[in-house]
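**Student:** Before we start, here is the structure in question, set down as structure tokens.
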Amino acid sequence: MTLPRPRIGVVQFPGSNDDRDALWALAALDAEAIPVWHATTELPELSAVVLPGGFSYGDYLRCGAIARFSPAMAAVAAFADAGGLVLGICNGFQILCEAGLLPGVFRPNESLTFVCRDVRLRVERTDTAFTARCAENQQLVIPVKHGEGCWFADQDLYDELEARSQIVLRYDEAVNGSVHDVAGVVNERGNVMGLMPHPEHAVDPLLGSADGALVLASLVDAAREQALASV
């Protein structure tokens, strides 16, 4: 039996520059990848949404601060509130934090320089829709490219996230100064996740690593299950 290809939307903001990469990577992993323009007020029929990397609205004020008010984000918030799967990559992670869909805030990298290289990550949880294809404590190699990737939460908030197992990925090396080396977090319900590394740039060994496919294919699997459940 041929399984259906889940429809996954990729929101395109002014300044997004990894939207096409995300569309290509999702399609390569057997999803029907749909571009969604930032000015739309209603999402098409989708099983998941991806907010891609880039520099939405030029990163004015703060990264993601203006994109948070785009019409599409109201639709994304409603989608997430209804239990829809949402993944934010790099700038998409920043937007989700600005929108209050994920905890924490972002600061400039501790080095005050832009970092762009492959980094090593450690998988903290495998029971999420975004890491189901990974093994616990598995090390992944996925590239980063950001200037404001230092995720921050005060100690009380961090302790709450730890107690609820909302930390999904950590850096296995010094990268940007993120609190406790946090690289990816999930909301309490487990249907919204953000990560600073770019899995869409690590889906083919020719690019140096295919580890990003484990993250995106996990999302495709979960989106397919949601699509089948709605039939």
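Residues in the structure tokens are numbered from 1 in each chain, the chains being A, B, ... in the order shown, and ligands are numbered from 1 in the order shown.
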Taking a cut-off of 9 Å and counting only C-alpha atoms, can you build a table that, for each residue of stretch 87-205 of chain A near stretch 24-43 of chain A, reports the nearest atom pair and how far apart they are in Å (one decimal), sorted by chain then residue number, as CSV?
**Tutor:**
residue,atom,partner,partner_atom,distance
A:Pro199,CA,A:Ala25,CA,8.7
A:Glu200,CA,A:Ala25,CA,5.6
A:His201,CA,A:Ala25,CA,8.0
A:Ala202,CA,A:Ala25,CA,8.9
A:Val203,CA,A:Ala25,CA,6.8
**Student:** Those same residues - N, CA and C atoms - I'd like them written as a short mmCIF file (atom, residue, chain, number, x, y, z; two decimals), in the first residue's frame.
**Tutor:**
data_model
loop_
_atom_site.label_atom_id
_atom_site.label_comp_id
_atom_site.auth_asym_id
_atom_site.auth_seq_id
_atom_site.Cartn_x
_atom_site.Cartn_y
_atom_site.Cartn_z
N PRO A 199 18.39 21.50 9.87
CA PRO A 199 18.33 20.12 9.36
C PRO A 199 18.13 20.04 7.86
N GLU A 200 17.53 21.07 7.26
CA GLU A 200 17.29 21.04 5.82
C GLU A 200 18.58 21.11 5.02
N HIS A 201 19.68 21.50 5.68
CA HIS A 201 20.98 21.55 5.01
C HIS A 201 21.81 20.30 5.32
N ALA A 202 21.16 19.29 5.88
CA ALA A 202 21.90 18.06 6.22
C ALA A 202 21.01 16.85 5.94
N VAL A 203 20.54 16.75 4.70
CA VAL A 203 19.70 15.61 4.31
C VAL A 203 20.35 14.74 3.24
#
**Student:** Per DSSP on the backbone, filter stretch 48-211 of chain A down to the residues in strand (DSSP E or B) and report them as a PyMOL selection string.
**Tutor:** chain A and resi 48-51+54+85-89+105-107+115-123+139-146+150-152+167-171+182-186+192-195+204+209
**Student:** Counting only C-alpha atoms, which residue out of A:Arg7, A:Arg133, A:His198, A:Arg122 sits closest to A:His146?
**Tutor:**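 Counting only C-alpha atoms, the residue closest to A:His146 is A:His198.
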**Student:** Select from stretch 37-90 of chain A everything DSSP, run on the backbone, classes as alpha helix (DSSP H), then give the selection as a short mmCIF file (atom, residue, chain, number, x, y, z; two decimals) with N, CA and C atoms, in the first residue's frame.
**Tutor:**
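Result written to out.cif:
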data_model
loop_
_atom_site.label_atom_id
_atom_site.label_comp_id
_atom_site.auth_asym_id
_atom_site.auth_seq_id
_atom_site.Cartn_x
_atom_site.Cartn_y
_atom_site.Cartn_z
N PRO A 71 0.28 38.27 9.34
CA PRO A 71 -1.02 37.59 9.35
C PRO A 71 -0.91 36.07 9.44
N ALA A 72 0.07 35.50 8.78
CA ALA A 72 0.20 34.04 8.79
C ALA A 72 0.44 33.50 10.19
N MET A 73 1.09 34.28 11.05
CA MET A 73 1.41 33.77 12.38
C MET A 73 0.18 33.60 13.25
N ALA A 74 -0.85 34.41 13.02
CA ALA A 74 -2.10 34.20 13.75
C ALA A 74 -2.69 32.85 13.36
N ALA A 75 -2.59 32.52 12.06
CA ALA A 75 -3.08 31.23 11.58
C ALA A 75 -2.23 30.09 12.12
N VAL A 76 -0.91 30.30 12.18
CA VAL A 76 -0.01 29.27 12.71
C VAL A 76 -0.30 29.03 14.19
N ALA A 77 -0.52 30.11 14.95
CA ALA A 77 -0.83 29.97 16.37
C ALA A 77 -2.12 29.20 16.58
N ALA A 78 -3.12 29.47 15.76
CA ALA A 78 -4.39 28.75 15.86
C ALA A 78 -4.19 27.28 15.50
N PHE A 79 -3.37 27.03 14.48
CA PHE A 79 -3.06 25.67 14.05
C PHE A 79 -2.38 24.90 15.19
N ALA A 80 -1.40 25.55 15.84
CA ALA A 80 -0.70 24.91 16.95
C ALA A 80 -1.63 24.69 18.13
N ASP A 81 -2.49 25.66 18.40
CA ASP A 81 -3.42 25.55 19.52
C ASP A 81 -4.38 24.37 19.34
#
**Student:** Which one of A:Ala163, A:Val192, A:Cys134, A:Ala22 sits closest to A:Val215 if you count only C-alpha atoms?
**Tutor:**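 Checking each candidate against A:Val215, we get A:Cys134 as the closest.
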**Student:** What lies within 7 Å of A:Asp118 using only C-alpha atoms, ignoring chain neighbours under 3 positions off, as a ChimeraX atom specification?
**Tutor:** /A:141-144
**Student:** What would the file look like if the residues just selected were written as a CSV table (one decimal), in the first residue's frame with N, CA and C atoms?
**Tutor:**
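File written: again-v9.csv
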chain,number,residue,atom,x,y,z
A,141,VAL,N,25.2,15.6,13.5
A,141,VAL,CA,26.1,16.7,13.0
A,141,VAL,C,25.2,17.5,12.0
A,142,ILE,N,24.9,18.7,12.3
A,142,ILE,CA,24.0,19.6,11.6
A,142,ILE,C,24.6,21.0,11.6
A,143,PRO,N,24.5,21.7,10.5
A,143,PRO,CA,25.1,23.1,10.4
A,143,PRO,C,24.3,24.1,11.1
A,144,VAL,N,24.9,25.1,11.6
A,144,VAL,CA,24.3,26.3,12.1
A,144,VAL,C,24.8,27.5,11.3
**Student:** Would you list the contacts of stretch 53-69 of chain A as a ChimeraX atom specification, taking every protein, DNA or RNA residue within 7 Å and counting only C-alpha atoms, but skipping same-chain residues closer than 2 positions in sequence?
**Tutor:** /A:13-19,51,71,73,89-92,94-95,98-99
**Student:** Go through A:Gly100, A:Gly83, A:Pro108, A:Gly177 one by one, measure the shortest atom-to-atom distance of each to A:Gly194 using only C-alpha atoms, and give the residue with the smallest value.
**Tutor:**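 Looking at the shortest contact to A:Gly194, the residue is A:Gly100.
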**Student:** Which residues are close to A:Val185, i.e. within 8 Å by only C-alpha atoms, leaving aside same-chain residues fewer than 5 positions away? Reply as a ChimeraX atom specification.
**Tutor:** /A:102-103,166-169,193-195
**Student:** Considering only C-alpha atoms, state which residue in the set A:Cys97, A:Val175, A:Val186, A:Leu157 is at the smallest distance from A:Leu85.
**Tutor:**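 Closest residue, counting only C-alpha atoms: A:Val186.
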**Student:** Quick one: residues within 7 Å of A:Val105, only C-alpha atoms counted, chain neighbours fewer than 5 positions away excluded, as number ranges by chain?
**Tutor:** A: 97, 151-153
**Student:** I'd like the neighbourhood of A:Ser111 as a ChimeraX atom specification, where a residue qualifies if any of its atoms comes within 12 Å (using only C-alpha atoms), though same-chain residues fewer than 4 positions away should be ignored.
**Tutor:** /A:107,115,146-150,174-178
**Student:** Restricting it to N, CA and C atoms, dump the selection as a PDB file, in the first residue's frame.
**Tutor:**
ATOM      1  N   ARG A 107      19.511  36.027  22.330  1.00  0.00           N
ATOM      2  CA  ARG A 107      20.488  37.097  22.466  1.00  0.00           C
ATOM      3  C   ARG A 107      21.551  36.931  21.383  1.00  0.00           C
ATOM      4  N   VAL A 115      28.209  32.808  13.401  1.00  0.00           N
ATOM      5  CA  VAL A 115      28.782  31.473  13.347  1.00  0.00           C
ATOM      6  C   VAL A 115      28.106  30.695  12.222  1.00  0.00           C
ATOM      7  N   HIS A 146      24.041  31.598  12.308  1.00  0.00           N
ATOM      8  CA  HIS A 146      23.261  32.631  12.993  1.00  0.00           C
ATOM      9  C   HIS A 146      24.178  33.604  13.730  1.00  0.00           C
ATOM     10  N   GLY A 147      23.632  34.778  13.955  1.00  0.00           N
ATOM     11  CA  GLY A 147      24.334  35.789  14.736  1.00  0.00           C
ATOM     12  C   GLY A 147      23.697  36.021  16.088  1.00  0.00           C
ATOM     13  N   GLU A 148      22.411  35.641  16.211  1.00  0.00           N
ATOM     14  CA  GLU A 148      21.685  35.790  17.475  1.00  0.00           C
ATOM     15  C   GLU A 148      21.064  34.446  17.841  1.00  0.00           C
ATOM     16  N   GLY A 149      21.920  33.493  18.108  1.00  0.00           N
ATOM     17  CA  GLY A 149      21.449  32.140  18.400  1.00  0.00           C
ATOM     18  C   GLY A 149      21.583  31.735  19.846  1.00  0.00           C
ATOM     19  N   CYS A 150      21.912  32.683  20.698  1.00  0.00           N
ATOM     20  CA  CYS A 150      22.119  32.390  22.117  1.00  0.00           C
ATOM     21  C   CYS A 150      20.767  32.337  22.824  1.00  0.00           C
ATOM     22  N   ALA A 174      30.946  24.072  22.395  1.00  0.00           N
ATOM     23  CA  ALA A 174      30.649  25.490  22.545  1.00  0.00           C
ATOM     24  C   ALA A 174      30.292  26.074  21.185  1.00  0.00           C
ATOM     25  N   VAL A 175      29.118  26.720  21.086  1.00  0.00           N
ATOM     26  CA  VAL A 175      28.671  27.261  19.813  1.00  0.00           C
ATOM     27  C   VAL A 175      28.315  28.736  19.912  1.00  0.00           C
ATOM     28  N   ASN A 176      27.373  29.080  20.806  1.00  0.00           N
ATOM     29  CA  ASN A 176      26.897  30.463  20.835  1.00  0.00           C
ATOM     30  C   ASN A 176      26.625  31.011  22.233  1.00  0.00           C
ATOM     31  N   GLY A 177      26.874  30.212  23.263  1.00  0.00           N
ATOM     32  CA  GLY A 177      26.637  30.671  24.629  1.00  0.00           C
ATOM     33  C   GLY A 177      25.250  30.379  25.151  1.00  0.00           C
ATOM     34  N   SER A 178      24.451  29.589  24.440  1.00  0.00           N
ATOM     35  CA  SER A 178      23.105  29.260  24.911  1.00  0.00           C
ATOM     36  C   SER A 178      23.144  28.676  26.316  1.00  0.00           C
TER      37      SER A 178
END
**Student:** Find the distance between atom CA of A:Glu124 and atom CA of A:Glu225 and write it in Å to one decimal.
**Tutor:** 23.1 Å
**Student:** Quick one: of A:Ala132, A:Leu140, A:Leu46, A:Met196, who's nearest to A:Ser218, counting only C-alpha atoms?
**Tutor:**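 Checking each candidate against A:Ser218, we get A:Ala132 as the closest.
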